[in-house]
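**Q** Pasting structure11.csv below, which is CSV, N, CA and C atoms.
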```
chain,number,residue,atom,x,y,z
A,613,GLN,N,38.4,92.1,10.4
A,613,GLN,CA,38.3,91.5,11.7
A,613,GLN,C,39.3,92.1,12.7
A,614,VAL,N,38.9,92.2,13.9
A,614,VAL,CA,39.8,92.8,14.9
A,614,VAL,C,39.8,91.9,16.1
A,615,GLN,N,41.0,91.8,16.7
A,615,GLN,CA,41.1,91.0,18.0
A,615,GLN,C,41.3,92.0,19.1
A,616,LEU,N,40.7,91.7,20.3
A,616,LEU,CA,40.8,92.6,21.4
A,616,LEU,C,41.4,91.9,22.6
A,617,VAL,N,42.3,92.5,23.3
A,617,VAL,CA,42.9,91.9,24.5
A,617,VAL,C,43.0,92.9,25.6
A,618,GLU,N,42.3,92.6,26.7
A,618,GLU,CA,42.2,93.5,27.8
A,618,GLU,C,43.3,93.1,28.8
A,619,SER,N,43.7,94.1,29.5
A,619,SER,CA,44.7,94.0,30.6
A,619,SER,C,44.5,95.1,31.6
A,620,GLY,N,45.2,94.9,32.8
A,620,GLY,CA,45.1,95.9,33.8
A,620,GLY,C,44.2,95.6,35.0
A,621,GLY,N,43.5,94.5,34.9
A,621,GLY,CA,42.6,94.2,36.1
A,621,GLY,C,43.4,93.8,37.3
A,622,GLY,N,42.7,93.6,38.4
A,622,GLY,CA,43.4,93.2,39.6
A,622,GLY,C,42.5,93.4,40.8
A,623,LEU,N,43.2,93.3,42.0
A,623,LEU,CA,42.5,93.5,43.3
A,623,LEU,C,42.9,94.9,43.8
A,624,VAL,N,41.9,95.7,44.2
A,624,VAL,CA,42.2,97.0,44.8
A,624,VAL,C,41.2,97.3,45.9
A,625,GLN,N,41.6,98.1,46.8
A,625,GLN,CA,40.8,98.5,47.9
A,625,GLN,C,39.8,99.5,47.5
A,626,ALA,N,38.7,99.6,48.2
A,626,ALA,CA,37.7,100.6,47.9
A,626,ALA,C,38.3,102.0,48.0
A,627,GLY,N,37.9,102.8,47.0
A,627,GLY,CA,38.5,104.2,47.0
A,627,GLY,C,39.8,104.2,46.1
A,628,GLY,N,40.3,103.1,45.7
A,628,GLY,CA,41.5,103.1,44.9
A,628,GLY,C,41.2,103.2,43.4
A,629,SER,N,42.2,103.1,42.6
A,629,SER,CA,42.1,103.3,41.1
A,629,SER,C,42.8,102.1,40.4
A,630,LEU,N,42.3,101.9,39.2
A,630,LEU,CA,42.9,101.0,38.2
A,630,LEU,C,42.7,101.6,36.8
A,631,ARG,N,43.6,101.2,35.9
A,631,ARG,CA,43.5,101.6,34.5
A,631,ARG,C,43.5,100.3,33.7
A,632,LEU,N,42.4,100.1,33.0
A,632,LEU,CA,42.3,99.0,32.1
A,632,LEU,C,42.7,99.4,30.7
A,633,SER,N,43.4,98.5,30.0
A,633,SER,CA,43.7,98.7,28.6
A,633,SER,C,43.1,97.6,27.7
A,634,CYS,N,42.9,98.0,26.5
A,634,CYS,CA,42.4,97.0,25.5
A,634,CYS,C,43.1,97.3,24.2
A,635,ALA,N,44.0,96.3,23.9
A,635,ALA,CA,44.7,96.5,22.6
A,635,ALA,C,44.0,95.8,21.5
A,636,ALA,N,43.9,96.5,20.4
A,636,ALA,CA,43.2,96.0,19.2
A,636,ALA,C,44.3,95.6,18.2
A,637,SER,N,44.1,94.5,17.5
A,637,SER,CA,45.0,94.0,16.5
A,637,SER,C,44.2,93.5,15.3
A,638,GLY,N,44.8,93.5,14.1
A,638,GLY,CA,44.1,93.0,13.0
A,638,GLY,C,43.5,94.0,12.1
A,639,ARG,N,43.2,95.2,12.6
A,639,ARG,CA,42.7,96.3,11.9
A,639,ARG,C,42.8,97.6,12.7
A,640,THR,N,43.0,98.7,12.1
A,640,THR,CA,43.2,99.9,12.9
A,640,THR,C,42.0,100.2,13.7
A,641,SER,N,42.2,100.6,15.0
A,641,SER,CA,41.1,100.8,15.9
A,641,SER,C,40.4,102.1,15.5
A,642,SER,N,41.0,103.0,14.7
A,642,SER,CA,40.3,104.2,14.4
A,642,SER,C,39.1,104.0,13.5
A,643,ASP,N,38.9,102.8,13.0
A,643,ASP,CA,37.7,102.4,12.2
A,643,ASP,C,36.6,101.9,13.1
A,644,TYR,N,36.8,102.0,14.4
A,644,TYR,CA,35.8,101.3,15.3
A,644,TYR,C,35.3,102.2,16.4
A,645,GLY,N,34.0,102.1,16.7
A,645,GLY,CA,33.5,102.6,17.9
A,645,GLY,C,33.9,101.6,19.0
A,646,LEU,N,34.2,102.0,20.2
A,646,LEU,CA,34.7,101.1,21.2
A,646,LEU,C,34.0,101.3,22.5
A,647,GLY,N,33.9,100.2,23.3
A,647,GLY,CA,33.1,100.3,24.5
A,647,GLY,C,33.7,99.4,25.6
A,648,TRP,N,33.3,99.6,26.8
A,648,TRP,CA,33.6,98.8,27.9
A,648,TRP,C,32.3,98.3,28.5
A,649,PHE,N,32.2,97.0,28.8
A,649,PHE,CA,31.1,96.4,29.5
A,649,PHE,C,31.6,95.7,30.7
A,650,ARG,N,30.7,95.3,31.6
A,650,ARG,CA,31.2,94.5,32.8
A,650,ARG,C,30.1,93.5,33.2
A,651,GLN,N,30.5,92.4,33.8
A,651,GLN,CA,29.6,91.4,34.2
A,651,GLN,C,30.0,90.9,35.6
A,652,ALA,N,29.1,91.1,36.5
A,652,ALA,CA,29.3,90.6,37.9
A,652,ALA,C,28.7,89.2,38.0
A,653,PRO,N,29.2,88.4,39.0
A,653,PRO,CA,28.6,87.0,39.1
A,653,PRO,C,27.1,87.1,39.3
A,654,GLY,N,26.4,86.2,38.5
A,654,GLY,CA,25.0,86.1,38.6
A,654,GLY,C,24.2,87.2,38.0
A,655,LYS,N,24.9,88.2,37.3
A,655,LYS,CA,24.2,89.3,36.7
A,655,LYS,C,24.5,89.3,35.2
A,656,GLU,N,23.7,90.1,34.5
A,656,GLU,CA,23.9,90.2,33.0
A,656,GLU,C,25.0,91.2,32.8
A,657,ARG,N,25.6,91.1,31.6
A,657,ARG,CA,26.6,92.0,31.2
A,657,ARG,C,26.0,93.4,31.0
A,658,GLU,N,26.6,94.4,31.5
A,658,GLU,CA,26.1,95.7,31.5
A,658,GLU,C,27.1,96.7,30.9
A,659,PHE,N,26.5,97.8,30.3
A,659,PHE,CA,27.3,98.8,29.7
A,659,PHE,C,28.0,99.7,30.7
A,660,VAL,N,29.2,100.1,30.4
A,660,VAL,CA,30.0,100.9,31.3
A,660,VAL,C,30.3,102.3,30.7
A,661,ALA,N,31.0,102.2,29.5
A,661,ALA,CA,31.4,103.4,28.8
A,661,ALA,C,31.7,103.1,27.4
A,662,ALA,N,31.6,104.2,26.6
A,662,ALA,CA,31.8,104.1,25.1
A,662,ALA,C,32.5,105.3,24.6
A,663,ILE,N,33.2,105.1,23.5
A,663,ILE,CA,33.8,106.3,22.8
A,663,ILE,C,33.7,106.1,21.3
A,664,SER,N,33.4,107.2,20.6
A,664,SER,CA,33.1,107.1,19.2
A,664,SER,C,34.4,107.0,18.4
A,665,ALA,N,34.2,106.5,17.1
A,665,ALA,CA,35.4,106.4,16.2
A,665,ALA,C,35.9,107.7,15.8
A,666,ILE,N,35.0,108.7,15.6
A,666,ILE,CA,35.4,110.0,15.1
A,666,ILE,C,35.0,111.0,16.2
A,667,GLY,N,35.9,111.9,16.5
A,667,GLY,CA,35.5,113.0,17.4
A,667,GLY,C,35.7,112.7,18.9
A,668,GLY,N,35.9,111.5,19.3
A,668,GLY,CA,36.2,111.2,20.7
A,668,GLY,C,35.0,111.4,21.6
A,669,ASN,N,33.8,111.3,21.1
A,669,ASN,CA,32.6,111.5,21.9
A,669,ASN,C,32.5,110.3,22.9
A,670,THR,N,32.1,110.6,24.1
A,670,THR,CA,32.0,109.6,25.1
A,670,THR,C,30.6,109.5,25.8
A,671,TYR,N,30.3,108.4,26.4
A,671,TYR,CA,29.1,108.2,27.1
A,671,TYR,C,29.3,107.2,28.2
A,672,TYR,N,28.7,107.4,29.3
A,672,TYR,CA,28.9,106.6,30.5
A,672,TYR,C,27.6,106.2,31.1
A,673,SER,N,27.6,105.0,31.8
A,673,SER,CA,26.5,104.6,32.6
A,673,SER,C,26.4,105.5,33.8
A,674,ASP,N,25.2,105.7,34.3
A,674,ASP,CA,25.0,106.5,35.5
A,674,ASP,C,25.9,106.0,36.7
A,675,SER,N,26.1,104.7,36.8
A,675,SER,CA,26.8,104.2,37.9
A,675,SER,C,28.2,104.5,38.0
A,676,VAL,N,28.8,104.9,36.8
A,676,VAL,CA,30.3,105.2,36.8
A,676,VAL,C,30.6,106.6,36.4
A,677,LYS,N,29.6,107.4,36.0
A,677,LYS,CA,29.8,108.7,35.6
A,677,LYS,C,30.4,109.5,36.7
A,678,GLY,N,31.5,110.3,36.3
A,678,GLY,CA,32.2,111.1,37.2
A,678,GLY,C,33.4,110.3,37.9
A,679,ARG,N,33.4,109.0,37.8
A,679,ARG,CA,34.5,108.2,38.4
A,679,ARG,C,35.3,107.5,37.4
A,680,PHE,N,34.7,107.1,36.2
A,680,PHE,CA,35.5,106.4,35.2
A,680,PHE,C,35.7,107.3,34.0
A,681,THR,N,36.8,107.1,33.3
A,681,THR,CA,37.0,107.9,32.1
A,681,THR,C,37.5,106.9,31.0
A,682,ILE,N,36.8,107.0,29.8
A,682,ILE,CA,37.3,106.2,28.7
A,682,ILE,C,38.0,107.1,27.7
A,683,SER,N,39.1,106.6,27.1
A,683,SER,CA,39.9,107.3,26.2
A,683,SER,C,40.5,106.3,25.2
A,684,ARG,N,41.0,106.9,24.1
A,684,ARG,CA,41.6,106.0,23.1
A,684,ARG,C,42.9,106.6,22.5
A,685,ASP,N,43.8,105.8,22.1
A,685,ASP,CA,45.0,106.2,21.5
A,685,ASP,C,45.1,105.4,20.2
A,686,ASN,N,44.7,106.1,19.1
A,686,ASN,CA,44.6,105.4,17.8
A,686,ASN,C,46.0,105.0,17.3
A,687,ALA,N,47.0,105.8,17.7
A,687,ALA,CA,48.4,105.4,17.2
A,687,ALA,C,48.8,104.1,17.8
A,688,LYS,N,48.3,103.8,19.0
A,688,LYS,CA,48.6,102.5,19.7
A,688,LYS,C,47.5,101.5,19.6
A,689,ASN,N,46.5,101.8,18.9
A,689,ASN,CA,45.3,100.9,18.7
A,689,ASN,C,44.9,100.4,20.1
A,690,THR,N,44.7,101.3,21.0
A,690,THR,CA,44.4,101.0,22.4
A,690,THR,C,43.3,101.9,22.9
A,691,VAL,N,42.4,101.3,23.7
A,691,VAL,CA,41.4,102.0,24.4
A,691,VAL,C,41.6,101.8,25.9
A,692,TYR,N,41.4,102.8,26.7
A,692,TYR,CA,41.6,102.7,28.1
A,692,TYR,C,40.4,103.0,28.9
A,693,LEU,N,40.3,102.5,30.1
A,693,LEU,CA,39.3,102.8,31.1
A,693,LEU,C,40.0,103.1,32.4
A,694,GLN,N,40.0,104.4,32.7
A,694,GLN,CA,40.6,104.9,34.0
A,694,GLN,C,39.5,104.8,35.0
A,695,MET,N,39.7,104.0,36.0
A,695,MET,CA,38.6,103.9,37.1
A,695,MET,C,39.1,104.4,38.4
A,696,ASN,N,38.5,105.4,38.9
A,696,ASN,CA,38.8,106.0,40.2
A,696,ASN,C,37.7,105.9,41.2
A,697,SER,N,38.0,106.1,42.4
A,697,SER,CA,37.0,106.0,43.5
A,697,SER,C,36.2,104.7,43.4
A,698,LEU,N,37.0,103.6,43.3
A,698,LEU,CA,36.3,102.3,43.0
A,698,LEU,C,35.5,101.9,44.3
A,699,LYS,N,34.4,101.2,44.0
A,699,LYS,CA,33.5,100.7,45.0
A,699,LYS,C,33.4,99.1,44.9
A,700,PRO,N,33.1,98.5,46.0
A,700,PRO,CA,32.9,97.0,45.9
A,700,PRO,C,31.9,96.6,44.8
A,701,GLU,N,30.9,97.4,44.6
A,701,GLU,CA,30.0,97.1,43.5
A,701,GLU,C,30.5,97.2,42.1
A,702,ASP,N,31.7,97.7,42.0
A,702,ASP,CA,32.4,97.7,40.7
A,702,ASP,C,33.0,96.4,40.3
A,703,THR,N,33.1,95.5,41.3
A,703,THR,CA,33.7,94.2,41.1
A,703,THR,C,33.0,93.4,40.0
A,704,ALA,N,33.7,93.0,39.0
A,704,ALA,CA,33.2,92.3,37.8
A,704,ALA,C,34.3,91.9,36.9
A,705,VAL,N,33.9,91.2,35.9
A,705,VAL,CA,34.8,91.0,34.7
A,705,VAL,C,34.5,92.1,33.7
A,706,TYR,N,35.5,92.8,33.3
A,706,TYR,CA,35.4,93.9,32.4
A,706,TYR,C,35.8,93.5,31.0
A,707,TYR,N,34.9,93.8,30.0
A,707,TYR,CA,35.1,93.4,28.6
A,707,TYR,C,35.2,94.6,27.7
A,708,CYS,N,36.1,94.6,26.8
A,708,CYS,CA,36.3,95.6,25.8
A,708,CYS,C,35.5,95.1,24.6
A,709,ALA,N,34.8,96.0,23.8
A,709,ALA,CA,34.1,95.7,22.7
A,709,ALA,C,34.3,96.7,21.5
A,710,ALA,N,34.1,96.2,20.3
A,710,ALA,CA,34.3,97.1,19.2
A,710,ALA,C,33.3,96.8,18.1
A,711,ARG,N,33.0,97.8,17.3
A,711,ARG,CA,32.2,97.7,16.1
A,711,ARG,C,32.6,98.7,15.1
A,712,THR,N,32.5,98.4,13.8
A,712,THR,CA,32.9,99.3,12.8
A,712,THR,C,32.1,100.6,12.8
A,713,SER,N,32.7,101.7,12.6
A,713,SER,CA,32.0,102.9,12.6
A,713,SER,C,32.9,104.0,11.9
A,714,ASP,N,32.2,104.9,11.2
A,714,ASP,CA,32.9,106.1,10.6
A,714,ASP,C,32.2,107.4,11.0
A,715,SER,N,31.7,107.4,12.3
A,715,SER,CA,30.9,108.5,12.7
A,715,SER,C,31.3,108.9,14.1
A,716,GLY,N,30.7,109.9,14.6
A,716,GLY,CA,30.8,110.4,16.0
A,716,GLY,C,29.8,109.8,16.9
A,717,ARG,N,29.1,108.8,16.5
A,717,ARG,CA,28.1,108.1,17.3
A,717,ARG,C,28.7,107.2,18.3
A,718,VAL,N,28.1,107.2,19.5
A,718,VAL,CA,28.6,106.3,20.6
A,718,VAL,C,27.5,105.2,20.7
A,719,TYR,N,28.0,104.0,20.9
A,719,TYR,CA,27.1,102.8,21.0
A,719,TYR,C,27.1,102.3,22.4
A,720,TYR,N,25.9,102.0,23.0
A,720,TYR,CA,25.9,101.5,24.4
A,720,TYR,C,25.0,100.3,24.6
A,721,HIS,N,24.6,99.7,23.5
A,721,HIS,CA,23.8,98.4,23.6
A,721,HIS,C,24.7,97.2,23.3
A,722,ARG,N,24.6,96.1,24.0
A,722,ARG,CA,25.5,95.0,23.8
A,722,ARG,C,25.3,94.5,22.3
A,723,TYR,N,24.1,94.5,21.8
A,723,TYR,CA,23.9,94.0,20.5
A,723,TYR,C,24.5,94.8,19.4
A,724,GLU,N,24.9,96.0,19.7
A,724,GLU,CA,25.5,96.9,18.7
A,724,GLU,C,27.0,96.6,18.5
A,725,TYR,N,27.6,95.7,19.3
A,725,TYR,CA,29.0,95.4,19.2
A,725,TYR,C,29.2,94.0,18.6
A,726,ILE,N,30.2,93.9,17.8
A,726,ILE,CA,30.5,92.7,17.1
A,726,ILE,C,31.7,91.9,17.7
A,727,HIS,N,32.7,92.7,18.1
A,727,HIS,CA,33.9,92.0,18.5
A,727,HIS,C,34.1,92.2,20.0
A,728,TRP,N,34.5,91.2,20.7
A,728,TRP,CA,34.6,91.2,22.2
A,728,TRP,C,36.0,90.6,22.6
A,729,GLY,N,36.5,91.2,23.6
A,729,GLY,CA,37.7,90.6,24.2
A,729,GLY,C,37.3,89.5,25.2
A,730,GLN,N,38.4,88.9,25.8
A,730,GLN,CA,38.2,87.8,26.8
A,730,GLN,C,37.8,88.3,28.2
A,731,GLY,N,38.1,89.5,28.5
A,731,GLY,CA,37.7,90.0,29.8
A,731,GLY,C,38.9,90.1,30.7
A,732,THR,N,38.8,91.0,31.7
A,732,THR,CA,39.8,91.1,32.8
A,732,THR,C,39.1,91.3,34.1
A,733,GLN,N,39.5,90.6,35.1
A,733,GLN,CA,38.8,90.6,36.4
A,733,GLN,C,39.2,91.8,37.2
A,734,VAL,N,38.2,92.5,37.7
A,734,VAL,CA,38.4,93.6,38.6
A,734,VAL,C,37.7,93.3,39.9
A,735,THR,N,38.5,93.3,41.0
A,735,THR,CA,37.9,93.0,42.3
A,735,THR,C,38.2,94.1,43.3
A,736,VAL,N,37.2,94.7,43.9
A,736,VAL,CA,37.3,95.8,44.8
A,736,VAL,C,36.9,95.4,46.2
A,737,SER,N,37.8,95.4,47.1
A,737,SER,CA,37.6,94.9,48.5
A,737,SER,C,37.1,96.1,49.3
A,738,SER,N,36.3,95.8,50.3
A,738,SER,CA,35.7,96.9,51.2
A,738,SER,C,36.6,97.0,52.4
```
Is it possible to give me this structure as structure tokens?
**A**
Amino acid sequence: QVQLVESGGGLVQAGGSLRLSCAASGRTSSDYGLGWFRQAPGKEREFVAAISAIGGNTYYSDSVKGRFTISRDNAKNTVYLQMNSLKPEDTAVYYCAARTSDSGRVYYHRYEYIHWGQGTQVTVSS
């Protein structure tokens, strides 16, 4: 079992940057594929970015590709989401997710993830 706690959300102006963190406890994060999802008001939760357990392979949604970067620090059991050039449409609650993995595969479907954090609010003003 792993517990996930997100932090780093807040209010930022369009064009600005934020870095989200997700700390994992209960089991080493290197055993997990990790991902970030987001949910805007009135919309379904959508995939943002993912990173594999092995090899650090990454995958991004088209809407954030080139602006967001996912990374992980296994020594700190933490996954990050660096968000640059933020837009008002990036406003959402951002969730960290994890699933057991021992491969270089990246997972980008909600149903593929077992563990979820509580979420952190990101608001981008125009």
**Q** Can you tell me which residues surround stretch 616-623 of chain A at a distance of at most 8 Å, considering all atoms listed in the file, apart from same-chain residues fewer than 3 positions away, and format the answer as JSON, numbers by chain?
**A** {"A": [613, 626, 629, 630, 631, 632, 633, 634, 635, 636, 637, 638, 706, 707, 708, 709, 710, 727, 728, 729, 730, 731, 732, 733, 734, 735, 736, 737]}
**Q** Excluding A:Gly668 and residues on its chain fewer than 5 positions from it, collect all residues at most 8 Å away from it, counting only N, CA and C atoms, and give them as a PyMOL selection string.
**A** chain A and resi 662-663+683-684+715-717
**Q** If I take atom CA of A:Phe680 and atom CA of A:Pro653, how far is one from the other in Å, to one decimal?
**A** 21.0 Å
**Q** Work out how far apart atom N of A:Phe659 and atom N of A:Leu693 are and give it in Å to one decimal.
**A**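 Straight-line distance from atom N of A:Phe659 to atom N of A:Leu693 works out to 14.6 Å.
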**Q** Using the chain letters and numbers from this document, which residues of chain A does DSSP assign to helix (DSSP H, G or I), as a VMD selection string?
**A** chain A and resid 641 to 643 686 to 688 700 to 702 722 to 724
**Q** Select, counting all atoms listed in the file, all protein, DNA and RNA residues no farther than 8 Å from (38.7, 109.5, 17.3) in file coordinates, and express the selection as a PyMOL selection string.
**A** chain A and resi 641-643+663-669+684-686
**Q** Please indicate the distance in Å from atom C of A:Gln651 to atom N of A:Thr670, rounded to one decimal place.
**A**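 Between these atoms lies a distance of 22.9 Å.
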**Q** Could you give me the residues within chain A that DSSP places in strand (DSSP E or B), as a ChimeraX atom specification?
**A** /A:615-619,622-625,630-637,644-651,658-663,670-672,680-685,690-695,704-712,727-728,732-737
**Q** If we count only C-alpha atoms and set the cut-off at 7 Å, which residues sit around A:Tyr672, ignoring sequence neighbours fewer than 2 positions away in its own chain? Please answer as JSON, numbers by chain.
**A** {"A": [660, 661, 662, 670, 674, 676, 677]}
**Q** Place a sphere of radius 12 Å on (19.8, 99.3, 25.1) in the file coordinates and name every protein, DNA or RNA residue with an atom inside or on its surface, counting only C-alpha atoms; give the answer as a PDB file with N, CA and C atoms, keeping the file's coordinate frame.
**A**
```
ATOM      1  N   ARG A 657      25.600  91.100  31.600  1.00  0.00           N
ATOM      2  CA  ARG A 657      26.600  92.000  31.200  1.00  0.00           C
ATOM      3  C   ARG A 657      26.000  93.400  31.000  1.00  0.00           C
ATOM      4  N   GLU A 658      26.600  94.400  31.500  1.00  0.00           N
ATOM      5  CA  GLU A 658      26.100  95.700  31.500  1.00  0.00           C
ATOM      6  C   GLU A 658      27.100  96.700  30.900  1.00  0.00           C
ATOM      7  N   PHE A 659      26.500  97.800  30.300  1.00  0.00           N
ATOM      8  CA  PHE A 659      27.300  98.800  29.700  1.00  0.00           C
ATOM      9  C   PHE A 659      28.000  99.700  30.700  1.00  0.00           C
ATOM     10  N   SER A 673      27.600 105.000  31.800  1.00  0.00           N
ATOM     11  CA  SER A 673      26.500 104.600  32.600  1.00  0.00           C
ATOM     12  C   SER A 673      26.400 105.500  33.800  1.00  0.00           C
ATOM     13  N   TYR A 719      28.000 104.000  20.900  1.00  0.00           N
ATOM     14  CA  TYR A 719      27.100 102.800  21.000  1.00  0.00           C
ATOM     15  C   TYR A 719      27.100 102.300  22.400  1.00  0.00           C
ATOM     16  N   TYR A 720      25.900 102.000  23.000  1.00  0.00           N
ATOM     17  CA  TYR A 720      25.900 101.500  24.400  1.00  0.00           C
ATOM     18  C   TYR A 720      25.000 100.300  24.600  1.00  0.00           C
ATOM     19  N   HIS A 721      24.600  99.700  23.500  1.00  0.00           N
ATOM     20  CA  HIS A 721      23.800  98.400  23.600  1.00  0.00           C
ATOM     21  C   HIS A 721      24.700  97.200  23.300  1.00  0.00           C
ATOM     22  N   ARG A 722      24.600  96.100  24.000  1.00  0.00           N
ATOM     23  CA  ARG A 722      25.500  95.000  23.800  1.00  0.00           C
ATOM     24  C   ARG A 722      25.300  94.500  22.300  1.00  0.00           C
ATOM     25  N   TYR A 723      24.100  94.500  21.800  1.00  0.00           N
ATOM     26  CA  TYR A 723      23.900  94.000  20.500  1.00  0.00           C
ATOM     27  C   TYR A 723      24.500  94.800  19.400  1.00  0.00           C
ATOM     28  N   GLU A 724      24.900  96.000  19.700  1.00  0.00           N
ATOM     29  CA  GLU A 724      25.500  96.900  18.700  1.00  0.00           C
ATOM     30  C   GLU A 724      27.000  96.600  18.500  1.00  0.00           C
ATOM     31  N   TYR A 725      27.600  95.700  19.300  1.00  0.00           N
ATOM     32  CA  TYR A 725      29.000  95.400  19.200  1.00  0.00           C
ATOM     33  C   TYR A 725      29.200  94.000  18.600  1.00  0.00           C
TER      34      TYR A 725
END
```
